[in-house]
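Data block for protein.cif (mmCIF, C-alpha atoms):
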```cif
data_upload
loop_
_atom_site.label_atom_id
_atom_site.label_comp_id
_atom_site.auth_asym_id
_atom_site.auth_seq_id
_atom_site.Cartn_x
_atom_site.Cartn_y
_atom_site.Cartn_z
CA ALA I 282 28.15 20.20 -4.48
CA ALA I 283 27.60 17.54 -1.81
CA LEU I 284 27.76 14.79 -4.43
CA LYS I 285 30.97 16.22 -5.88
CA GLU I 286 32.52 16.14 -2.41
CA LEU I 287 31.46 12.50 -1.98
CA PHE I 288 32.86 11.50 -5.37
CA ASP I 289 36.17 13.18 -4.50
CA GLN I 290 36.37 11.11 -1.30
CA GLU I 291 35.17 7.69 -2.44
CA GLU I 292 34.59 5.52 -5.47
CA PHE I 293 31.00 4.61 -6.40
CA GLN I 294 29.87 1.95 -8.86
CA ALA I 295 26.26 3.09 -9.30
CA LEU I 296 23.72 5.71 -8.34
CA LEU I 297 20.19 4.94 -7.08
CA SER I 298 17.51 7.62 -6.76
CA THR I 299 14.07 6.95 -5.34
CA SER I 300 10.85 8.96 -5.32
CA PRO I 301 8.64 10.58 -4.19
CA PRO I 302 9.68 13.36 -4.23
CA VAL I 303 10.66 13.38 -7.91
CA ILE I 304 13.34 16.04 -7.37
CA THR I 305 15.62 13.15 -6.36
CA HIS I 306 15.64 12.05 -10.01
CA LEU I 307 16.48 15.57 -11.23
CA ILE I 308 19.51 15.59 -8.92
CA ALA I 309 20.49 12.07 -10.01
CA ALA I 310 20.26 13.01 -13.70
CA LYS I 311 22.68 15.89 -13.10
CA ALA I 312 25.03 13.56 -11.20
CA ARG I 313 24.83 10.96 -13.98
CA GLU I 314 25.80 13.62 -16.51
CA GLU I 315 28.65 15.02 -14.44
CA PHE I 316 30.17 11.82 -13.04
CA ASN I 317 29.27 9.33 -15.81
CA ILE I 318 28.03 6.68 -13.38
CA PRO I 319 25.33 4.04 -14.01
CA TRP I 320 21.99 5.26 -12.71
CA ILE I 321 18.86 3.46 -11.50
CA ALA I 322 15.66 5.49 -10.97
CA ASP I 323 13.22 3.93 -8.50
CA PHE I 324 9.56 5.01 -8.48
CA ARG I 325 7.61 3.95 -5.40
CA ASP I 326 4.85 6.09 -6.97
CA LEU I 327 4.80 6.94 -10.67
CA TRP I 328 5.54 10.50 -11.79
CA THR I 329 3.17 11.79 -14.50
CA GLU I 330 1.61 8.36 -15.15
CA ASN I 331 0.31 8.29 -11.58
CA HIS I 332 -3.51 8.30 -11.63
CA TYR I 333 -3.36 10.36 -8.42
CA TYR I 334 -1.49 13.09 -10.38
CA PRO I 335 -2.72 16.25 -8.60
CA TYR I 336 -2.27 19.00 -11.23
CA ASP I 337 -4.07 20.10 -14.41
CA ARG I 338 -3.49 18.87 -17.96
CA ILE I 339 -1.29 21.79 -18.97
CA ARG I 340 1.10 21.20 -16.09
CA LYS I 341 1.00 17.48 -16.79
CA LEU I 342 2.14 18.15 -20.37
CA PHE I 343 5.18 20.09 -19.15
CA ASP I 344 5.88 17.59 -16.37
CA ARG I 345 5.76 14.69 -18.84
CA ARG I 346 8.32 16.42 -21.06
CA LEU I 347 10.51 16.96 -17.99
CA GLU I 348 10.11 13.31 -16.98
CA ILE I 349 11.08 12.03 -20.44
CA LYS I 350 14.09 14.37 -20.62
CA THR I 351 15.23 13.45 -17.11
CA ILE I 352 14.87 9.69 -17.50
CA ALA I 353 16.56 9.63 -20.94
CA GLN I 354 19.95 9.09 -19.27
CA VAL I 355 18.87 6.27 -16.95
CA GLN I 356 20.25 2.72 -17.28
CA ALA I 357 17.30 1.07 -15.53
CA MET I 358 14.10 1.91 -13.70
CA VAL I 359 12.32 0.19 -10.83
CA THR I 360 8.71 0.41 -9.71
CA VAL I 361 6.44 -1.57 -7.41
CA SER I 362 4.46 -3.86 -9.74
CA GLU I 363 4.36 -5.27 -13.24
CA PRO I 364 1.33 -3.22 -14.41
CA LEU I 365 3.14 -0.02 -13.37
CA SER I 366 6.32 -1.28 -15.01
CA GLU I 367 4.39 -1.61 -18.30
CA ALA I 368 3.20 1.98 -17.97
CA MET I 369 6.80 3.12 -17.51
CA ARG I 370 8.04 1.11 -20.50
CA SER I 371 5.42 2.62 -22.79
CA LEU I 372 6.40 6.16 -21.83
CA HIS I 373 10.17 5.65 -21.86
CA ASP I 374 10.82 3.75 -25.10
CA ASP I 375 11.04 0.28 -23.57
CA LYS I 376 13.94 1.12 -21.26
CA PRO I 377 14.63 -1.69 -18.75
CA VAL I 378 12.08 -1.59 -15.93
CA PHE I 379 12.15 -3.98 -12.99
CA SER I 380 9.31 -4.71 -10.59
CA ILE I 381 10.24 -4.66 -6.88
CA PRO I 382 7.29 -4.31 -4.49
CA ASN I 383 7.45 -2.62 -1.13
CA GLY I 384 8.00 -4.85 1.87
CA PHE I 385 8.01 -5.21 5.63
CA ASP I 386 10.71 -5.32 8.28
CA PRO I 387 11.24 -9.01 9.16
CA ASP I 388 12.00 -7.96 12.75
CA GLU I 389 8.33 -6.91 12.98
CA LEU I 390 7.05 -10.45 12.35
CA LYS I 391 5.45 -10.78 15.74
CA GLN I 392 2.06 -11.70 17.17
CA ASN I 393 0.28 -10.07 20.11
CA GLU I 394 -2.50 -11.11 22.41
CA LEU I 395 -5.68 -10.45 20.46
CA HIS I 396 -8.53 -8.11 21.31
CA GLU I 397 -11.33 -9.80 23.16
CA LYS I 398 -13.85 -8.18 20.82
CA PHE I 399 -14.44 -8.99 17.16
CA SER I 400 -12.11 -6.17 16.08
CA ILE I 401 -11.61 -4.78 12.57
CA THR I 402 -8.73 -2.29 12.33
CA TYR I 403 -7.65 0.14 9.62
CA THR I 404 -4.40 2.13 9.75
CA GLY I 405 -3.63 4.84 7.21
CA GLN I 406 -5.27 7.58 5.18
CA LEU I 407 -8.92 7.58 4.09
CA TYR I 408 -10.10 9.19 0.83
CA GLU I 409 -13.79 9.84 0.27
CA GLY I 410 -15.10 7.84 -2.68
CA LYS I 411 -11.71 6.15 -3.12
CA ARG I 412 -10.51 4.50 0.09
CA ASP I 413 -13.91 4.56 1.69
CA PRO I 414 -15.38 2.26 4.38
CA GLU I 415 -19.07 2.82 3.52
CA LEU I 416 -19.63 -0.68 2.11
CA LEU I 417 -18.22 -2.19 5.31
CA PHE I 418 -20.50 0.01 7.44
CA LYS I 419 -23.51 -0.92 5.34
CA VAL I 420 -22.86 -4.65 5.73
CA ILE I 421 -22.10 -4.43 9.46
CA TRP I 422 -25.32 -2.47 10.03
CA ALA I 423 -27.34 -5.07 8.10
CA LEU I 424 -25.76 -7.98 9.98
CA LEU I 425 -26.48 -6.28 13.30
CA ALA I 426 -30.08 -5.67 12.26
CA ASP I 427 -30.43 -9.35 11.28
CA GLY I 428 -29.04 -10.49 14.62
CA ILE I 429 -26.04 -12.20 13.02
CA LEU I 430 -23.55 -9.90 14.78
CA GLY I 431 -23.66 -9.00 18.45
CA ASP I 432 -22.51 -6.05 20.54
CA ASP I 433 -18.93 -7.37 20.65
CA VAL I 434 -17.95 -5.81 17.30
CA LEU I 435 -15.26 -3.10 17.27
CA ILE I 436 -14.16 -1.09 14.21
CA SER I 437 -11.13 1.18 14.70
CA PHE I 438 -9.45 3.70 12.40
CA TYR I 439 -5.94 5.08 13.04
CA GLY I 440 -4.85 8.00 10.86
CA ASN I 441 -5.97 11.55 10.14
CA LYS I 442 -9.59 11.97 11.19
CA ALA I 443 -12.07 12.57 8.37
CA TYR I 444 -15.35 14.36 9.09
CA TRP I 445 -17.14 12.42 6.35
CA VAL I 446 -16.27 9.13 8.06
CA ASP I 447 -18.00 10.34 11.23
CA ASP I 448 -21.00 11.21 9.05
CA LEU I 449 -21.02 7.64 7.68
CA ILE I 450 -20.77 6.20 11.18
CA LYS I 451 -23.86 8.20 12.17
CA LYS I 452 -25.67 7.27 8.94
CA TYR I 453 -25.37 3.57 9.78
CA HIS I 454 -25.92 4.04 13.54
CA LEU I 455 -22.52 2.58 14.44
CA GLU I 456 -21.49 5.18 17.04
CA ASN I 457 -21.02 2.50 19.69
CA ILE I 458 -18.96 0.28 17.36
CA ALA I 459 -16.82 2.41 14.99
CA THR I 460 -14.28 5.00 16.20
CA GLN I 461 -11.69 7.25 14.59
CA PHE I 462 -8.73 7.52 16.96
CA GLY I 463 -6.77 9.99 14.84
CA ARG I 464 -3.03 9.97 14.25
CA VAL I 465 -0.91 7.85 16.56
CA GLU I 466 2.76 6.93 16.79
CA ARG I 467 3.76 4.22 14.33
CA ALA I 468 4.57 1.84 17.19
CA LYS I 469 1.00 2.19 18.46
CA ALA I 470 -0.41 1.49 14.99
CA ILE I 471 1.76 -1.63 14.70
CA GLU I 472 0.57 -2.83 18.12
CA GLU I 473 -3.05 -2.38 17.09
CA GLN I 474 -2.46 -4.27 13.84
CA ARG I 475 -1.00 -7.23 15.71
CA SER I 476 -3.85 -7.26 18.24
CA SER I 477 -6.75 -7.00 15.80
CA GLN I 478 -8.90 -9.96 14.79
CA ILE I 479 -9.10 -8.60 11.21
CA LEU I 480 -7.11 -5.97 9.31
CA LEU I 481 -8.95 -3.77 6.82
CA SER I 482 -7.43 -2.61 3.54
CA LEU I 483 -9.46 -0.20 1.37
CA ASN I 484 -8.95 0.04 -2.40
CA TRP I 485 -10.21 2.52 -4.96
CA ASP I 486 -12.61 1.18 -7.62
CA ASN I 487 -10.50 2.42 -10.52
CA PRO I 488 -9.09 0.10 -13.23
CA LYS I 489 -5.72 1.85 -12.91
CA GLU I 490 -5.49 0.59 -9.32
CA GLU I 491 -4.77 -2.96 -10.53
CA GLY I 492 -1.03 -2.33 -10.20
CA VAL I 493 -1.19 -0.45 -6.89
CA TYR I 494 -0.54 -1.97 -3.48
CA THR I 495 -2.13 -0.06 -0.61
CA GLY I 496 0.52 1.43 1.62
CA LYS I 497 -0.12 -0.67 4.72
CA ILE I 498 -0.65 -4.08 3.09
CA PHE I 499 2.95 -5.14 3.82
CA GLU I 500 2.80 -4.04 7.45
CA TYR I 501 -0.36 -6.13 7.64
CA LEU I 502 1.59 -9.15 6.40
CA ALA I 503 4.05 -8.70 9.26
CA ALA I 504 1.18 -8.47 11.77
CA GLN I 505 0.09 -11.99 10.74
CA ARG I 506 -3.62 -11.31 11.07
CA PRO I 507 -6.34 -12.02 8.44
CA ILE I 508 -6.52 -9.21 5.87
CA LEU I 509 -9.83 -8.02 4.42
CA ALA I 510 -9.13 -6.06 1.22
CA LEU I 511 -12.26 -4.22 0.18
CA GLY I 512 -13.09 -2.76 -3.23
CA GLY I 513 -10.93 -2.04 -6.23
CA PRO I 514 -10.28 -4.10 -9.37
CA PRO I 515 -8.63 -7.53 -9.38
CA GLY I 516 -4.90 -6.97 -9.48
CA VAL I 517 -1.72 -7.14 -7.46
CA VAL I 518 -3.48 -6.97 -4.07
CA SER I 519 -5.67 -9.98 -4.96
CA GLU I 520 -2.62 -11.84 -6.24
CA LEU I 521 -0.65 -11.04 -3.08
CA LEU I 522 -3.40 -12.33 -0.79
CA THR I 523 -3.87 -15.46 -2.88
CA GLU I 524 -0.13 -16.17 -2.95
CA THR I 525 0.34 -15.68 0.79
CA ASN I 526 -3.10 -16.95 1.90
CA ALA I 527 -3.02 -13.99 4.29
CA GLY I 528 -6.54 -12.75 3.58
CA ILE I 529 -9.26 -12.19 1.02
CA HIS I 530 -10.15 -9.54 -1.54
CA VAL I 531 -13.88 -8.74 -1.65
CA ARG I 532 -15.62 -6.44 -4.13
CA LYS I 533 -19.37 -7.01 -3.72
CA GLU I 534 -21.81 -6.56 -0.86
CA GLU I 535 -22.98 -10.19 -0.73
CA GLU I 536 -19.40 -11.47 -0.74
CA LEU I 537 -18.52 -9.16 2.14
CA ARG I 538 -21.59 -10.25 4.09
CA ASN I 539 -20.61 -13.91 3.73
CA VAL I 540 -16.99 -13.30 4.75
CA ILE I 541 -17.87 -11.24 7.83
CA SER I 542 -20.53 -13.78 8.87
CA SER I 543 -18.10 -16.68 8.50
CA TRP I 544 -15.34 -14.97 10.47
CA TYR I 545 -17.75 -13.92 13.21
CA GLU I 546 -19.04 -17.49 13.54
CA GLU I 547 -15.46 -18.70 13.92
CA TYR I 548 -14.79 -15.96 16.47
CA GLN I 549 -17.81 -17.02 18.52
CA ASP I 550 -16.78 -20.69 18.39
CA GLN I 551 -13.14 -20.31 19.42
CA GLY I 552 -12.70 -16.74 20.65
CA PHE I 553 -10.56 -15.58 17.73
CA VAL I 554 -10.35 -15.52 13.93
CA SER I 555 -7.68 -17.90 12.65
CA TYR I 556 -4.75 -16.69 10.55
CA HIS I 557 -3.79 -18.95 7.63
CA GLY I 558 -0.88 -17.09 6.03
CA ASN I 559 1.93 -19.20 4.57
CA ASP I 560 5.70 -18.84 4.17
CA GLN I 561 5.27 -16.89 0.92
CA ILE I 562 4.92 -13.73 2.99
CA HIS I 563 8.71 -13.79 3.33
CA ASN I 564 8.91 -12.94 -0.39
CA TYR I 565 7.80 -9.45 0.65
CA SER I 566 10.33 -8.72 3.38
CA HIS I 567 12.92 -5.95 3.13
CA LEU I 568 15.54 -8.68 2.78
CA LYS I 569 13.94 -9.79 -0.49
CA MET I 570 13.68 -6.19 -1.64
CA ALA I 571 17.41 -5.72 -1.00
CA GLU I 572 18.19 -8.93 -2.87
CA ARG I 573 16.22 -7.75 -5.90
CA PHE I 574 17.82 -4.30 -5.87
CA ALA I 575 21.23 -6.00 -5.72
CA GLY I 576 20.27 -7.90 -8.87
CA VAL I 577 19.40 -4.66 -10.68
CA LEU I 578 22.66 -3.05 -9.51
CA ASN I 579 24.56 -6.03 -10.91
CA GLU I 580 22.74 -5.60 -14.24
CA VAL I 581 23.76 -1.95 -14.68
CA THR I 582 27.35 -2.27 -13.44
CA GLN I 583 28.47 -5.29 -15.47
#
```
Let me see the structure of the file written as structure tokens.
Amino acid sequence: AALKELFDQEEFQALLSTSPPVITHLIAAKAREEFNIPWIADFRDLWTENHYYPYDRIRKLFDRRLEIKTIAQVQAMVTVSEPLSEAMRSLHDDKPVFSIPNGFDPDELKQNELHEKFSITYTGQLYEGKRDPELLFKVIWALLADGILGDDVLISFYGNKAYWVDDLIKKYHLENIATQFGRVERAKAIEEQRSSQILLSLNWDNPKEEGVYTGKIFEYLAAQRPILALGGPPGVVSELLTETNAGIHVRKEEELRNVISSWYEEYQDQGFVSYHGNDQIHNYSHLKMAERFAGVLNEVTQ
């Protein structure tokens, strides 16, 4: 009813729906049918092809049928990476799918005074066995035991507290170093990102993660601090960090030990860890996202 009122008042050239939640696409499909307007469906997360799909196989069967029926009317689809675009094409009969990653607000490209300590900061959700800091804790504990790191190390987590993370902190005797601060206002999280010596990104060791960007990786780009991406398969995160020179993706214990040792040595020499990101980070601003969406809108309205 609200859409009908809008269409009575104004003229629209195209319709764009974005998810989650996927109900936006159900509404858009109805609007496409009723108003005969070009429609683009944007998936920031996939629907039934999402490897985080939370329901059982029977529900997935029905949901997949609903997805195929809903998307049958679409003129184009958008998702966040090329591997996920391929998954969408295979399910939806090679309909046009465009890759437009998430981005950051260019107004947030700022730098703060850095923490005096050798700080490693994580902002966001933690998932046991998936986005899990145990490898980092193990390496930090070993480097402390070997005398390579000193008592000026600080590891901070901002997001919902997880009891199992506290258990890991105790397991590796890092109570004086690692702290969960719980949920904070977004502005506080951004401030902590900008002030940290190193920003931690945690990835799930699942082959299907190759096309998935972690949620905070783009905010990290705006913070202009070295990014340590830990775990997960080679994929879009590795490519992003290589392209922008904004950090490093590490998968193995020895690699992580070498990276932490090198950064700590630099920190001791000059009082901070240097940031080496290049101008390619601007390819991931909201301005670039808007430009790419404009291109897709032009495609479907010509």
Fill in: Polymer residues at most 9 Å from Ile352 (chain I), all atoms listed in the file, same-chain spacing of 6 or more positions, as an NGL selection string
:I and (306-307 or 310 or 322 or 358 or 373)
Mind writing the picked residues with C-alpha atoms as a PDB file, keeping the file's coordinate frame?
```pdb
ATOM      1  CA  HIS I 306      15.640  12.050 -10.010  1.00  0.00           C
ATOM      2  CA  LEU I 307      16.480  15.570 -11.230  1.00  0.00           C
ATOM      3  CA  ALA I 310      20.260  13.010 -13.700  1.00  0.00           C
ATOM      4  CA  ALA I 322      15.660   5.490 -10.970  1.00  0.00           C
ATOM      5  CA  MET I 358      14.100   1.910 -13.700  1.00  0.00           C
ATOM      6  CA  HIS I 373      10.170   5.650 -21.860  1.00  0.00           C
TER       7      HIS I 373
END
```
Which residues of region 345-424 of chain I have any atom within 6 Å of an atom in region 490-512 of chain I when counting all atoms listed in the file, and what is the closest pair of atoms for each, with the distance in Å to one decimal? Order the rows by chain and rising number and write it as a tab-separated table.
```
residue	atom	partner	partner_atom	distance
I:Ser362	CA	I:Gly492	CA	5.7
I:Pro364	CA	I:Gly492	CA	4.9
I:Leu365	CA	I:Gly492	CA	5.7
I:Gly384	CA	I:Phe499	CA	5.4
I:Phe385	CA	I:Phe499	CA	5.4
I:Glu389	CA	I:Ala503	CA	5.9
I:Leu390	CA	I:Ala503	CA	4.6
```
Residue IDs satisfying the PyMOL selection byres ((chain I and resi 325) around 9), as a CSV table (one decimal) with C-alpha atoms, keeping the file's coordinate frame:
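Saved file selection_26.csv follows:
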```csv
chain,number,residue,atom,x,y,z
I,299,THR,CA,14.1,7.0,-5.3
I,300,SER,CA,10.8,9.0,-5.3
I,301,PRO,CA,8.6,10.6,-4.2
I,323,ASP,CA,13.2,3.9,-8.5
I,324,PHE,CA,9.6,5.0,-8.5
I,326,ASP,CA,4.8,6.1,-7.0
I,327,LEU,CA,4.8,6.9,-10.7
I,359,VAL,CA,12.3,0.2,-10.8
I,360,THR,CA,8.7,0.4,-9.7
I,361,VAL,CA,6.4,-1.6,-7.4
I,382,PRO,CA,7.3,-4.3,-4.5
I,383,ASN,CA,7.4,-2.6,-1.1
```
Worksheet item: CA of Thr582 (chain I) and CA of Gln294 (chain I), how far apart in Å?
Response: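 Interatomic distance here is 6.7 Å.
Here CA of Lys391 (chain I) and CA of His563 (chain I) stand 13.2 Å from one another.
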Worksheet entry | Residues selected by the PyMOL selection byres ((chain I and resi 558) around 6), written as a list in words |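 Evaluating the PyMOL selection byres ((chain I and resi 558) around 6) on this file yields Thr525, Asn526, Ala527, Tyr556, His557 and Asn559 of chain I.
Closest to His530 (chain I) among I:Ile321, I:Ala470, I:Leu481, I:Leu395 is I:Leu481, based on only C-alpha atoms.
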Please return, as a PDB file with C-alpha atoms, in the coordinates of the input, all polymer residues that have at least one atom within 8 Å of the point (-7.1, 14.8, 13.9); use only C-alpha atoms and the file's own coordinate frame.
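New file selection.pdb:
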```pdb
ATOM      1  CA  GLY I 440      -4.850   8.000  10.860  1.00  0.00           C
ATOM      2  CA  ASN I 441      -5.970  11.550  10.140  1.00  0.00           C
ATOM      3  CA  LYS I 442      -9.590  11.970  11.190  1.00  0.00           C
ATOM      4  CA  ALA I 443     -12.070  12.570   8.370  1.00  0.00           C
ATOM      5  CA  GLY I 463      -6.770   9.990  14.840  1.00  0.00           C
ATOM      6  CA  ARG I 464      -3.030   9.970  14.250  1.00  0.00           C
TER       7      ARG I 464
END
```
Which residues, written as a compact mmCIF listing (two decimals) with C-alpha atoms, keeping the file's coordinate frame, have at least one atom at most 9 Å from Ile401 (chain I), with all atoms listed in the file counted and residues fewer than 3 positions away on the same chain left out?
```txt
# COMPACT_ATOMS: atom_id res chain seq x y z
CA VAL I 434 -17.95 -5.81 17.30
CA LEU I 435 -15.26 -3.10 17.27
CA ILE I 436 -14.16 -1.09 14.21
CA SER I 437 -11.13 1.18 14.70
CA PHE I 438 -9.45 3.70 12.40
CA SER I 477 -6.75 -7.00 15.80
CA GLN I 478 -8.90 -9.96 14.79
CA ILE I 479 -9.10 -8.60 11.21
CA LEU I 480 -7.11 -5.97 9.31
CA LEU I 481 -8.95 -3.77 6.82
CA LEU I 509 -9.83 -8.02 4.42
```
Item to complete: For each of I:Arg313, I:Lys569, I:Lys341, I:Arg412, take the minimum atom-to-atom distance to Thr329 (chain I), counting all atoms listed in the file, then give the residue where this is smallest.
Response: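 Of I:Arg313, I:Lys569, I:Lys341, I:Arg412, the one nearest Thr329 (chain I), counting all atoms listed in the file, is I:Lys341.
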Worksheet item: Taking into account all atoms listed in the file, which residue in the set I:Arg338, I:Phe293, I:Pro414, I:Glu397 is nearest to Phe316 (chain I)?
Response: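 Under the stated criterion, the closest residue is I:Phe293.
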Assuming 5 Å of padding per side, give the centre and edge lengths of the axis-aligned box around every listed atom of region 387-403 of chain I, in Å to one decimal and as AutoDock Vina command-line options.
```
--center_x -1.2 --center_y -5.8 --center_z 16.2 --size_x 36.4 --size_y 21.8 --size_z 24.0
```
Practice prompt. Record the distance separating CA of Leu521 (chain I) and CA of Ser482 (chain I), expressed in Å with one decimal.
Written response: 12.7 Å
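Comparing I:Leu297, I:Ile541, I:Leu284, I:Ile349 by their smallest distance to Val554 (chain I), the closest is I:Ile541 (using all atoms listed in the file).
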Item to complete: Expand the PyMOL selection byres ((chain I and resi 544) around 10) into the individual residues it matches in the shown file, reporting them as a list in words.
Response: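 Listing what the PyMOL selection byres ((chain I and resi 544) around 10) selects in the shown file: Phe399, Gln478, Ile479, Pro507, Asn539, Val540, Ile541, Ser542, Ser543, Tyr545, Glu546, Glu547, Tyr548, Gln549, Asp550, Phe553, Val554 and Ser555 of chain I.
Summary of the local environment: counting only C-alpha atoms, residues at most 12 Å from Leu424 (chain I), other than itself and those fewer than 2 positions away along its chain, are I:Leu417, I:Phe418, I:Lys419, I:Val420, I:Ile421, I:Trp422, I:Ala426, I:Asp427, I:Gly428, I:Ile429, I:Leu430, I:Gly431, I:Asp432, I:Val434, I:Tyr453, I:Leu455, I:Glu534, I:Glu535, I:Leu537, I:Arg538, I:Asn539, I:Val540, I:Ile541, I:Ser542, I:Ser543, I:Tyr545.
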Discussion item. I'd like to know which of I:Thr404, I:Glu363, I:Gly516, I:Thr523 is closest to Arg467 (chain I), using all atoms listed in the file.
Written reply: I:Thr404
Item to complete: Around the point (24.3, -2.3, -12.1) in the file's coordinates, collect all residues with an atom within 12 Å, using all atoms listed in the file, and return them as a PyMOL selection string.
Response: chain I and resi 293-297+318-322+355-358+377+573-583
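The environment of Glu330 (chain I) within 9 Å, counting all atoms listed in the file and disregarding residues fewer than 2 places along the same chain, consists of Leu327, Trp328, His332, Tyr333, Tyr334, Arg345, Leu365, Ala368, Met369 and Leu372 of chain I.
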Could region 500-512 of chain I be completed with N, CA, C and O atoms and returned as a short mmCIF file (atom, residue, chain, number, x, y, z; two decimals), in the coordinates of the input?
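Saved file result03.cif follows:
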```cif
data_model
loop_
_atom_site.label_atom_id
_atom_site.label_comp_id
_atom_site.auth_asym_id
_atom_site.auth_seq_id
_atom_site.Cartn_x
_atom_site.Cartn_y
_atom_site.Cartn_z
N GLU I 500 2.82 -4.03 5.98
CA GLU I 500 2.80 -4.04 7.45
C GLU I 500 1.78 -5.06 7.95
O GLU I 500 2.01 -5.76 8.94
N TYR I 501 0.66 -5.15 7.27
CA TYR I 501 -0.36 -6.13 7.64
C TYR I 501 0.18 -7.55 7.54
O TYR I 501 -0.13 -8.41 8.37
N LEU I 502 0.98 -7.82 6.52
CA LEU I 502 1.59 -9.15 6.40
C LEU I 502 2.43 -9.47 7.63
O LEU I 502 2.39 -10.58 8.16
N ALA I 503 3.19 -8.48 8.09
CA ALA I 503 4.05 -8.70 9.26
C ALA I 503 3.23 -8.91 10.52
O ALA I 503 3.67 -9.61 11.44
N ALA I 504 2.03 -8.32 10.59
CA ALA I 504 1.18 -8.47 11.77
C ALA I 504 0.61 -9.87 11.89
O ALA I 504 0.17 -10.28 12.96
N GLN I 505 0.57 -10.60 10.78
CA GLN I 505 0.09 -11.99 10.74
C GLN I 505 -1.34 -12.11 11.30
O GLN I 505 -1.61 -12.95 12.14
N ARG I 506 -2.20 -11.24 10.79
CA ARG I 506 -3.62 -11.31 11.07
C ARG I 506 -4.39 -11.33 9.75
O ARG I 506 -3.88 -10.83 8.74
N PRO I 507 -5.58 -11.93 9.70
CA PRO I 507 -6.34 -12.02 8.44
C PRO I 507 -6.61 -10.63 7.86
O PRO I 507 -7.04 -9.72 8.57
N ILE I 508 -6.36 -10.49 6.57
CA ILE I 508 -6.52 -9.21 5.87
C ILE I 508 -7.81 -9.24 5.07
O ILE I 508 -8.05 -10.18 4.29
N LEU I 509 -8.63 -8.21 5.22
CA LEU I 509 -9.83 -8.02 4.42
C LEU I 509 -9.58 -6.84 3.50
O LEU I 509 -9.58 -5.69 3.93
N ALA I 510 -9.31 -7.11 2.22
CA ALA I 510 -9.13 -6.06 1.22
C ALA I 510 -10.48 -5.80 0.57
O ALA I 510 -11.13 -6.72 0.06
N LEU I 511 -10.91 -4.56 0.59
CA LEU I 511 -12.26 -4.22 0.18
C LEU I 511 -12.24 -3.26 -1.00
O LEU I 511 -11.60 -2.21 -0.94
N GLY I 512 -12.96 -3.63 -2.07
CA GLY I 512 -13.09 -2.76 -3.23
C GLY I 512 -11.91 -2.85 -4.16
O GLY I 512 -10.93 -3.55 -3.94
#
```
